[in-house]
>>> print(open('coords22.pdb').read())   # PDB, C-alpha atoms, pLDDT in the B column
ATOM      1  CA  MET A 710      10.259  75.064 164.608  1.00 53.00           C
ATOM      2  CA  PRO A 711      11.649  75.220 161.044  1.00 56.00           C
ATOM      3  CA  LYS A 712      15.420  75.273 160.600  1.00 64.00           C
ATOM      4  CA  ARG A 713      16.794  78.713 159.727  1.00 72.00           C
ATOM      5  CA  VAL A 714      18.714  78.838 156.471  1.00 72.00           C
ATOM      6  CA  ASP A 715      21.412  81.405 155.796  1.00 80.00           C
ATOM      7  CA  PRO A 716      20.607  82.734 152.282  1.00 82.00           C
ATOM      8  CA  ARG A 717      24.232  83.725 151.619  1.00 80.00           C
ATOM      9  CA  GLN A 718      25.418  80.250 152.629  1.00 85.00           C
ATOM     10  CA  ARG A 719      22.812  78.596 150.396  1.00 85.00           C
ATOM     11  CA  ARG A 720      23.685  80.866 147.477  1.00 83.00           C
ATOM     12  CA  THR A 721      27.376  80.023 147.976  1.00 82.00           C
ATOM     13  CA  LEU A 722      26.560  76.292 148.012  1.00 86.00           C
ATOM     14  CA  ILE A 723      24.787  76.724 144.677  1.00 86.00           C
ATOM     15  CA  ALA A 724      27.620  78.866 143.278  1.00 82.00           C
ATOM     16  CA  ASP A 725      30.161  76.205 144.312  1.00 85.00           C
ATOM     17  CA  ALA A 726      28.093  73.607 142.456  1.00 88.00           C
ATOM     18  CA  LEU A 727      27.997  75.886 139.405  1.00 84.00           C
ATOM     19  CA  MET A 728      31.786  76.176 139.524  1.00 82.00           C
ATOM     20  CA  ARG A 729      32.228  72.409 139.744  1.00 84.00           C
ATOM     21  CA  VAL A 730      29.943  71.945 136.730  1.00 84.00           C
ATOM     22  CA  ALA A 731      31.829  74.652 134.828  1.00 79.00           C
ATOM     23  CA  ALA A 732      35.256  73.222 135.769  1.00 76.00           C
ATOM     24  CA  ASP A 733      34.258  69.658 134.841  1.00 80.00           C
ATOM     25  CA  ARG A 734      32.089  70.212 131.764  1.00 79.00           C
ATOM     26  CA  GLY A 735      32.582  73.816 130.681  1.00 74.00           C
ATOM     27  CA  LEU A 736      30.454  76.880 131.194  1.00 73.00           C
ATOM     28  CA  GLU A 737      28.164  75.981 128.312  1.00 73.00           C
ATOM     29  CA  ALA A 738      27.009  72.945 130.342  1.00 74.00           C
ATOM     30  CA  VAL A 739      25.814  75.158 133.182  1.00 81.00           C
ATOM     31  CA  SER A 740      22.046  75.075 133.563  1.00 83.00           C
ATOM     32  CA  LEU A 741      19.723  75.411 136.546  1.00 84.00           C
ATOM     33  CA  ARG A 742      19.032  71.666 136.331  1.00 87.00           C
ATOM     34  CA  HIS A 743      22.721  70.647 136.205  1.00 88.00           C
ATOM     35  CA  VAL A 744      23.655  73.017 139.029  1.00 89.00           C
ATOM     36  CA  ALA A 745      20.762  71.772 141.183  1.00 90.00           C
ATOM     37  CA  ALA A 746      21.826  68.151 140.657  1.00 91.00           C
ATOM     38  CA  GLU A 747      25.446  68.972 141.505  1.00 90.00           C
ATOM     39  CA  ALA A 748      24.393  70.879 144.659  1.00 90.00           C
ATOM     40  CA  GLY A 749      22.008  68.104 145.718  1.00 91.00           C
ATOM     41  CA  VAL A 750      19.026  70.460 145.807  1.00 91.00           C
ATOM     42  CA  SER A 751      15.902  70.920 143.703  1.00 90.00           C
ATOM     43  CA  ALA A 752      15.812  73.112 140.602  1.00 89.00           C
ATOM     44  CA  GLY A 753      13.102  75.077 142.401  1.00 90.00           C
ATOM     45  CA  MET A 754      15.502  75.884 145.231  1.00 88.00           C
ATOM     46  CA  VAL A 755      18.091  77.145 142.740  1.00 88.00           C
ATOM     47  CA  GLN A 756      15.409  79.331 141.152  1.00 89.00           C
ATOM     48  CA  HIS A 757      14.395  80.595 144.603  1.00 87.00           C
ATOM     49  CA  TYR A 758      17.881  82.022 145.149  1.00 85.00           C
ATOM     50  CA  PHE A 759      18.700  82.913 141.537  1.00 84.00           C
ATOM     51  CA  THR A 760      15.857  83.952 139.267  1.00 85.00           C
ATOM     52  CA  THR A 761      18.021  83.825 136.133  1.00 82.00           C
ATOM     53  CA  LYS A 762      21.119  82.029 134.942  1.00 78.00           C
ATOM     54  CA  ASP A 763      22.839  85.423 134.518  1.00 77.00           C
ATOM     55  CA  GLU A 764      22.192  86.248 138.180  1.00 81.00           C
ATOM     56  CA  MET A 765      23.619  82.876 139.224  1.00 79.00           C
ATOM     57  CA  MET A 766      26.680  83.406 137.000  1.00 78.00           C
ATOM     58  CA  ALA A 767      27.326  86.903 138.373  1.00 77.00           C
ATOM     59  CA  PHE A 768      27.191  85.607 141.955  1.00 79.00           C
ATOM     60  CA  ALA A 769      29.530  82.715 141.144  1.00 77.00           C
ATOM     61  CA  LEU A 770      31.959  85.180 139.539  1.00 78.00           C
ATOM     62  CA  SER A 771      31.980  87.173 142.785  1.00 80.00           C
ATOM     63  CA  VAL A 772      32.758  83.959 144.712  1.00 80.00           C
ATOM     64  CA  VAL A 773      35.733  83.219 142.412  1.00 80.00           C
ATOM     65  CA  ARG A 774      36.945  86.799 142.843  1.00 82.00           C
ATOM     66  CA  ASP A 775      36.642  86.508 146.644  1.00 86.00           C
ATOM     67  CA  ARG A 776      38.626  83.246 146.657  1.00 86.00           C
ATOM     68  CA  GLY A 777      41.404  84.842 144.631  1.00 87.00           C
ATOM     69  CA  ARG A 778      41.455  87.821 146.950  1.00 90.00           C
ATOM     70  CA  GLY A 779      41.634  85.442 149.918  1.00 92.00           C
ATOM     71  CA  ARG A 780      44.642  83.624 148.429  1.00 93.00           C
ATOM     72  CA  VAL A 781      46.438  86.929 147.913  1.00 93.00           C
ATOM     73  CA  GLU A 782      45.630  88.187 151.419  1.00 95.00           C
ATOM     74  CA  THR A 783      46.847  84.939 153.011  1.00 96.00           C
ATOM     75  CA  ALA A 784      50.105  84.980 151.035  1.00 96.00           C
ATOM     76  CA  VAL A 785      50.770  88.646 151.817  1.00 95.00           C
ATOM     77  CA  ALA A 786      49.922  88.238 155.519  1.00 96.00           C
ATOM     78  CA  ALA A 787      52.526  85.460 155.763  1.00 96.00           C
ATOM     79  CA  LEU A 788      55.216  88.036 154.894  1.00 96.00           C
ATOM     80  CA  GLY A 789      54.728  89.835 158.187  1.00 95.00           C
ATOM     81  CA  PRO A 790      54.744  93.596 158.681  1.00 94.00           C
ATOM     82  CA  ASP A 791      56.482  95.936 156.257  1.00 93.00           C
ATOM     83  CA  PRO A 792      57.826  93.586 153.574  1.00 96.00           C
ATOM     84  CA  ALA A 793      60.098  95.072 150.924  1.00 95.00           C
ATOM     85  CA  PRO A 794      58.122  96.332 147.893  1.00 95.00           C
ATOM     86  CA  ARG A 795      59.674  93.806 145.502  1.00 96.00           C
ATOM     87  CA  LEU A 796      58.930  90.855 147.831  1.00 96.00           C
ATOM     88  CA  LEU A 797      55.389  92.104 148.411  1.00 97.00           C
ATOM     89  CA  LEU A 798      54.816  92.485 144.678  1.00 97.00           C
ATOM     90  CA  ARG A 799      56.291  89.069 143.836  1.00 97.00           C
ATOM     91  CA  THR A 800      54.163  87.406 146.536  1.00 97.00           C
ATOM     92  CA  LEU A 801      50.991  89.154 145.385  1.00 96.00           C
ATOM     93  CA  LEU A 802      51.538  88.294 141.713  1.00 97.00           C
ATOM     94  CA  ALA A 803      52.541  84.690 142.424  1.00 97.00           C
ATOM     95  CA  ALA A 804      49.348  84.285 144.481  1.00 96.00           C
ATOM     96  CA  LEU A 805      47.361  85.314 141.393  1.00 94.00           C
ATOM     97  CA  LEU A 806      48.897  82.502 139.342  1.00 96.00           C
ATOM     98  CA  PRO A 807      47.208  79.078 139.242  1.00 94.00           C
ATOM     99  CA  LEU A 808      50.223  77.256 140.696  1.00 94.00           C
ATOM    100  CA  ASP A 809      48.386  74.518 142.637  1.00 92.00           C
ATOM    101  CA  GLU A 810      45.335  72.386 141.942  1.00 88.00           C
ATOM    102  CA  ALA A 811      42.866  74.517 143.949  1.00 85.00           C
ATOM    103  CA  ALA A 812      44.023  77.683 142.191  1.00 88.00           C
ATOM    104  CA  ARG A 813      43.916  75.876 138.807  1.00 88.00           C
ATOM    105  CA  ALA A 814      40.307  74.802 139.414  1.00 82.00           C
ATOM    106  CA  ASP A 815      39.348  78.388 140.260  1.00 82.00           C
ATOM    107  CA  GLY A 816      41.451  79.627 137.332  1.00 85.00           C
ATOM    108  CA  ARG A 817      39.603  77.420 134.839  1.00 82.00           C
ATOM    109  CA  VAL A 818      36.287  78.714 136.113  1.00 80.00           C
ATOM    110  CA  ALA A 819      37.517  82.330 136.178  1.00 81.00           C
ATOM    111  CA  LEU A 820      38.692  82.015 132.573  1.00 82.00           C
ATOM    112  CA  ALA A 821      35.312  80.642 131.547  1.00 78.00           C
ATOM    113  CA  PHE A 822      33.575  83.491 133.375  1.00 78.00           C
ATOM    114  CA  LEU A 823      35.784  86.089 131.724  1.00 79.00           C
ATOM    115  CA  SER A 824      34.775  84.661 128.353  1.00 78.00           C
ATOM    116  CA  TRP A 825      31.169  84.837 129.492  1.00 76.00           C
ATOM    117  CA  THR A 826      31.535  88.509 130.485  1.00 78.00           C
ATOM    118  CA  ALA A 827      32.670  89.298 126.935  1.00 80.00           C
ATOM    119  CA  LEU A 828      29.137  88.393 125.877  1.00 79.00           C
ATOM    120  CA  HIS A 829      27.509  89.860 129.002  1.00 76.00           C
ATOM    121  CA  PRO A 830      29.442  93.113 129.656  1.00 79.00           C
ATOM    122  CA  ALA A 831      27.155  94.169 132.502  1.00 77.00           C
ATOM    123  CA  ALA A 832      28.486  91.259 134.550  1.00 71.00           C
ATOM    124  CA  ALA A 833      32.019  92.658 134.259  1.00 73.00           C
ATOM    125  CA  THR A 834      31.210  95.987 135.910  1.00 75.00           C
ATOM    126  CA  GLY A 835      32.333  94.662 139.298  1.00 71.00           C
ATOM    127  CA  LEU A 836      35.693  93.625 137.840  1.00 75.00           C
ATOM    128  CA  ARG A 837      36.675  97.070 136.569  1.00 81.00           C
ATOM    129  CA  PRO A 838      37.117  98.803 139.944  1.00 86.00           C
ATOM    130  CA  ASP A 839      39.088  95.805 141.251  1.00 84.00           C
ATOM    131  CA  THR A 840      41.416  95.971 138.250  1.00 87.00           C
ATOM    132  CA  VAL A 841      41.964  99.729 138.610  1.00 91.00           C
ATOM    133  CA  GLN A 842      42.673  99.307 142.320  1.00 92.00           C
ATOM    134  CA  LEU A 843      45.127  96.459 141.685  1.00 92.00           C
ATOM    135  CA  VAL A 844      46.978  98.383 138.946  1.00 94.00           C
ATOM    136  CA  ASP A 845      47.251 101.423 141.240  1.00 94.00           C
ATOM    137  CA  PHE A 846      48.555  99.269 144.106  1.00 94.00           C
ATOM    138  CA  ILE A 847      51.158  97.584 141.879  1.00 95.00           C
ATOM    139  CA  ALA A 848      52.215 100.964 140.455  1.00 94.00           C
ATOM    140  CA  GLY A 849      52.823 102.189 144.004  1.00 93.00           C
ATOM    141  CA  LEU A 850      55.237  99.318 144.623  1.00 94.00           C
ATOM    142  CA  LEU A 851      57.286  99.797 141.461  1.00 91.00           C
ATOM    143  CA  PRO A 852      60.443 101.902 141.442  1.00 88.00           C
ATOM    144  CA  ARG A 853      60.058 105.324 139.863  1.00 79.00           C
ATOM    145  CA  PRO A 854      61.024 105.322 136.181  1.00 69.00           C
ATOM    146  CA  PRO A 855      64.188 107.077 135.042  1.00 63.00           C
ATOM    147  CA  ALA A 856      63.698 110.669 133.906  1.00 60.00           C
ATOM    148  CA  ALA A 857      64.027 109.642 130.220  1.00 54.00           C
ATOM    149  CA  ASP A 858      61.207 107.092 130.585  1.00 61.00           C
ATOM    150  CA  ALA A 859      59.033 109.584 132.433  1.00 58.00           C
ATOM    151  CA  ALA A 860      59.712 112.201 129.737  1.00 56.00           C
ATOM    152  CA  ALA A 861      58.695 109.656 127.094  1.00 60.00           C
ATOM    153  CA  GLY A 862      55.366 109.232 128.892  1.00 63.00           C
ATOM    154  CA  LEU A 863      56.114 105.830 130.439  1.00 72.00           C
ATOM    155  CA  LEU A 864      54.320 105.888 133.762  1.00 80.00           C
ATOM    156  CA  PRO A 865      54.342 103.417 136.672  1.00 86.00           C
ATOM    157  CA  ALA A 866      50.658 102.692 135.939  1.00 89.00           C
ATOM    158  CA  ASP A 867      51.649 101.533 132.431  1.00 90.00           C
ATOM    159  CA  ALA A 868      54.342  99.231 133.822  1.00 90.00           C
ATOM    160  CA  ALA A 869      51.872  97.942 136.422  1.00 94.00           C
ATOM    161  CA  ALA A 870      49.242  97.199 133.772  1.00 94.00           C
ATOM    162  CA  GLY A 871      51.871  95.418 131.689  1.00 94.00           C
ATOM    163  CA  LEU A 872      52.974  93.341 134.667  1.00 95.00           C
ATOM    164  CA  LEU A 873      49.390  92.381 135.460  1.00 95.00           C
ATOM    165  CA  ALA A 874      48.804  91.456 131.803  1.00 95.00           C
ATOM    166  CA  LEU A 875      51.940  89.277 131.925  1.00 97.00           C
ATOM    167  CA  VAL A 876      50.590  87.442 134.978  1.00 96.00           C
ATOM    168  CA  GLU A 877      47.220  86.936 133.265  1.00 94.00           C
ATOM    169  CA  GLY A 878      48.998  85.487 130.217  1.00 95.00           C
ATOM    170  CA  LEU A 879      51.162  83.244 132.382  1.00 97.00           C
ATOM    171  CA  GLY A 880      47.992  82.057 134.098  1.00 95.00           C
ATOM    172  CA  MET A 881      46.509  81.059 130.753  1.00 94.00           C
ATOM    173  CA  TYR A 882      49.716  79.220 129.817  1.00 96.00           C
ATOM    174  CA  LEU A 883      49.597  77.369 133.140  1.00 96.00           C
ATOM    175  CA  LEU A 884      45.941  76.435 132.662  1.00 93.00           C
ATOM    176  CA  GLY A 885      46.627  75.288 129.101  1.00 92.00           C
ATOM    177  CA  GLY A 886      49.642  73.223 130.140  1.00 94.00           C
ATOM    178  CA  GLN A 887      52.122  75.165 127.979  1.00 96.00           C
ATOM    179  CA  TYR A 888      54.088  76.243 131.085  1.00 97.00           C
ATOM    180  CA  THR A 889      54.944  74.522 134.336  1.00 96.00           C
ATOM    181  CA  PRO A 890      54.724  76.448 137.616  1.00 96.00           C
ATOM    182  CA  ALA A 891      58.533  76.664 137.636  1.00 97.00           C
ATOM    183  CA  GLN A 892      58.603  78.181 134.144  1.00 97.00           C
ATOM    184  CA  ALA A 893      55.872  80.697 134.975  1.00 97.00           C
ATOM    185  CA  THR A 894      57.521  81.864 138.184  1.00 97.00           C
ATOM    186  CA  ALA A 895      60.891  82.124 136.384  1.00 98.00           C
ATOM    187  CA  VAL A 896      59.303  84.450 133.793  1.00 97.00           C
ATOM    188  CA  LEU A 897      57.711  86.502 136.583  1.00 97.00           C
ATOM    189  CA  ASP A 898      61.032  86.749 138.423  1.00 97.00           C
ATOM    190  CA  HIS A 899      62.816  87.808 135.214  1.00 96.00           C
ATOM    191  CA  GLN A 900      60.278  90.588 134.626  1.00 94.00           C
ATOM    192  CA  LEU A 901      60.639  91.794 138.208  1.00 94.00           C
ATOM    193  CA  GLU A 902      64.411  91.823 137.754  1.00 93.00           C
ATOM    194  CA  LEU A 903      63.988  94.048 134.683  1.00 90.00           C
ATOM    195  CA  LEU A 904      61.745  96.424 136.624  1.00 89.00           C
ATOM    196  CA  PHE A 905      63.679  96.524 139.881  1.00 88.00           C
ATOM    197  CA  GLY A 906      67.221  95.943 138.577  1.00 80.00           C
TER     198      GLY A 906
END
>>> encode(input="coords22.pdb", output="structure tokens")
Amino acid sequence: MPKRVDPRQRRTLIADALMRVAADRGLEAVSLRHVAAEAGVSAGMVQHYFTTKDEMMAFALSVVRDRGRGRVETAVAALGPDPAPRLLLRTLLAALLPLDEAARADGRVALAFLSWTALHPAAATGLRPDTVQLVDFIAGLLPRPPAADAAAGLLPADAAAGLLALVEGLGMYLLGGQYTPAQATAVLDHQLELLFG
């Protein structure tokens, strides 16, 4: 009787190989042949699960997104029930930063994929709802702005988007080696102090 193969598991194996190729040699080095060699499977098997390179890239992007979500969920769960909004927000944002080697490897690949989505906007459609949801969640944790700020049109969603953009920029500085993890978390803490007082 032939061995049953889980298609999702096989696709994830191939996506993991794609991410290793991208992390080691850059996204431009990704090809069906290179990914197959890295995964230890035939190019035909890669083509069986992914008919195009774009399809393979979109799936790998979803794997990176799921890993990031998993890191955030694990960090937040460790806080226990009903953490204070500032602690919850700091934990969530710190979990998004590439502070350790596993997160840096995923961060390098995520950065390459984001560059790729600039040329393939259809692949980014799955990212938009996640971003809107994250901005809304962060906005719900922030203190309400003073009446003068609200009157000037400064909304919690704007502050949340700014905070998320700061974390994305810190992530790039970490990946590029301009900042250490200690420097990045100090900047994050300073921004939270400005927002929460």
>>> closest_residue(input="coords22.pdb", among="A:Leu863, A:Ala819, A:Leu851, A:Leu843", to="Ala793 in chain A", atoms="only C-alpha atoms")
A:Leu851
>>> closest_residue(input="coords22.pdb", among="A:Leu883, A:Val896, A:Ala833, A:Ala726", to="Asp763 in chain A", atoms="only C-alpha atoms")
A:Ala833
>>> atom_distance(input="coords22.pdb", atom1="CA of Ser824 in chain A", atom2="CA of Glu810 in chain A")
21.1 Å
>>> closest_residue(input="coords22.pdb", among="A:Gly878, A:Leu904, A:Gln892, A:Thr826", to="Pro865 in chain A", atoms="only C-alpha atoms")
A:Leu904
>>> resolve_selection(input="coords22.pdb", expression="the PyMOL selection byres ((chain A and resi 771) around 10)", output="MDAnalysis selection string")
chainID A and resid 721 724 766:770 772:777 819 832 835:836
>>> residues_around(input="coords22.pdb", residues="Phe905 in chain A", least_positions_apart="5", cutoff="10 Å", atoms="only C-alpha atoms", output="list in words")
Pro794, Arg795, Leu851, Pro852, Arg853, Pro854, His899 and Gln900 of chain A
>>> resolve_selection(input="coords22.pdb", expression="the PyMOL selection byres ((chain A and resi 736) around 12)", output="PyMOL selection string")
chain A and resi 726-735+737-740+743-744+762-763+766+769-770+817-826
>>> residues_around(input="coords22.pdb", residues="Val876 in chain A", least_positions_apart="5", cutoff="12 Å", atoms="only C-alpha atoms", output="PDB file with C-alpha atoms, keeping the file's coordinate frame")
ATOM      1  CA  LEU A 798      54.816  92.485 144.678  1.00 97.00           C
ATOM      2  CA  ARG A 799      56.291  89.069 143.836  1.00 97.00           C
ATOM      3  CA  LEU A 801      50.991  89.154 145.385  1.00 96.00           C
ATOM      4  CA  LEU A 802      51.538  88.294 141.713  1.00 97.00           C
ATOM      5  CA  ALA A 803      52.541  84.690 142.424  1.00 97.00           C
ATOM      6  CA  ALA A 804      49.348  84.285 144.481  1.00 96.00           C
ATOM      7  CA  LEU A 805      47.361  85.314 141.393  1.00 94.00           C
ATOM      8  CA  LEU A 806      48.897  82.502 139.342  1.00 96.00           C
ATOM      9  CA  PRO A 807      47.208  79.078 139.242  1.00 94.00           C
ATOM     10  CA  LEU A 808      50.223  77.256 140.696  1.00 94.00           C
ATOM     11  CA  ALA A 869      51.872  97.942 136.422  1.00 94.00           C
ATOM     12  CA  ALA A 870      49.242  97.199 133.772  1.00 94.00           C
ATOM     13  CA  GLY A 871      51.871  95.418 131.689  1.00 94.00           C
ATOM     14  CA  MET A 881      46.509  81.059 130.753  1.00 94.00           C
ATOM     15  CA  TYR A 882      49.716  79.220 129.817  1.00 96.00           C
ATOM     16  CA  LEU A 883      49.597  77.369 133.140  1.00 96.00           C
ATOM     17  CA  ALA A 893      55.872  80.697 134.975  1.00 97.00           C
ATOM     18  CA  THR A 894      57.521  81.864 138.184  1.00 97.00           C
ATOM     19  CA  ALA A 895      60.891  82.124 136.384  1.00 98.00           C
ATOM     20  CA  VAL A 896      59.303  84.450 133.793  1.00 97.00           C
ATOM     21  CA  LEU A 897      57.711  86.502 136.583  1.00 97.00           C
ATOM     22  CA  ASP A 898      61.032  86.749 138.423  1.00 97.00           C
ATOM     23  CA  GLN A 900      60.278  90.588 134.626  1.00 94.00           C
ATOM     24  CA  LEU A 901      60.639  91.794 138.208  1.00 94.00           C
TER      25      LEU A 901
END
>>> closest_residue(input="coords22.pdb", among="A:Ala746, A:Val755, A:Val844, A:Leu797", to="Val785 in chain A", atoms="all atoms listed in the file")
A:Leu797
>>> closest_residue(input="coords22.pdb", among="A:Asp715, A:Gly789, A:Arg813, A:Arg742", to="Gly885 in chain A", atoms="only C-alpha atoms")
A:Arg813
>>> closest_residue(input="coords22.pdb", among="A:Glu902, A:Ala891, A:Gly886, A:Ile723", to="Leu872 in chain A", atoms="all atoms listed in the file")
A:Glu902
>>> atom_distance(input="coords22.pdb", atom1="CA of Asp867 in chain A", atom2="CA of Ala848 in chain A")
8.1 Å
>>> atom_distance(input="coords22.pdb", atom1="CA of Leu850 in chain A", atom2="CA of Ala814 in chain A")
29.2 Å
>>> residues_around(input="coords22.pdb", residues="Ala787 in chain A", least_positions_apart="4", cutoff="12 Å", atoms="all atoms listed in the file", output="list in words")
Arg780, Val781, Glu782, Thr783, Asp791, Pro792, Leu796, Leu797, Thr800, Leu801 and Ala804 of chain A
